[in-house]
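Heads up: the structure comes next, in structure tokens.
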Amino acid sequence: VVVKAYPPGRGASRKQIKEGPRGKLRMLPGCELIGCGGNGVLLLDGVKATVSGCRMLGTIKDGFDVKGEGSLLTADQCNISGSLGRNISVSKKGKAELTKCVLEKSKGVGASCGGTGTSMYLSFCEIRESAKAGVYVT
């Protein structure tokens, strides 16, 4: 699977993703998602993703959007910057675990977690320069 920006933004970068069985994916260390026309990474309905050392810049919607029961994002040492929505959004019983990540310069909320059964765990993360709340929990 190759990540593409739809529609391609200026300077959009393409990096490979290794996809495993049953809707699991692992982004290769050092990957970049730049100028995506929607979400950077959208996880729905039970998909599990592990992301390490990746950079995401300038998504039109949310950087990471994790939705649905059983969906799990595990991110380590990633930099998510300049999302026009939220840098990370977790909802509808999704779960996210971020360690040593930098979430910065979001035009919306830095990190959003909402809804019964939804959880987000942030460990040693930096959230800075969000236009709205750094962390928003409902």
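Naming works like this for the structure tokens: A, B, ... for the chains as they're shown, residue 1 at the start of each chain, ligands 1 onward in shown order.
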
(message) Need to verify the contact set: Gly30 of chain A, 8 Å, only C-alpha atoms, exclusion of same-chain residues closer than 6 positions in sequence. Can you return it as an MDAnalysis selection string?
(response) chainID A and resid 52:55

(request) For atom CA of Cys31 of chain A and atom CA of Thr99 of chain A, quote the distance in Å rounded to one decimal. (result)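 According to the coordinates, atom CA of Cys31 of chain A and atom CA of Thr99 of chain A are separated by 16.9 Å.
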
(request) Check the smallest atom-to-atom distance from each of A:Gly110, A:Lys48, A:Ser71, A:Tyr136 to Lys93 of chain A using only C-alpha atoms, then report the winner. (result)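 Ranking A:Gly110, A:Lys48, A:Ser71, A:Tyr136 by distance to Lys93 of chain A, first place goes to A:Ser71.
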
(message) Neighbouring residues of Leu73 of chain A were defined as those with any atom within 8 Å, considering only C-alpha atoms; residues of the same chain fewer than 2 positions away were excluded. Please report them as a count of residues only.
(response) 12

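The environment of Gly63 of chain A within 8 Å, counting only C-alpha atoms and disregarding residues fewer than 6 places along the same chain, consists of Asn39, Gly40, Val41, Met56, Leu57, Ile80, Ser83, Gly85, Arg86, Asn87, Ile88 and Ser89 of chain A.
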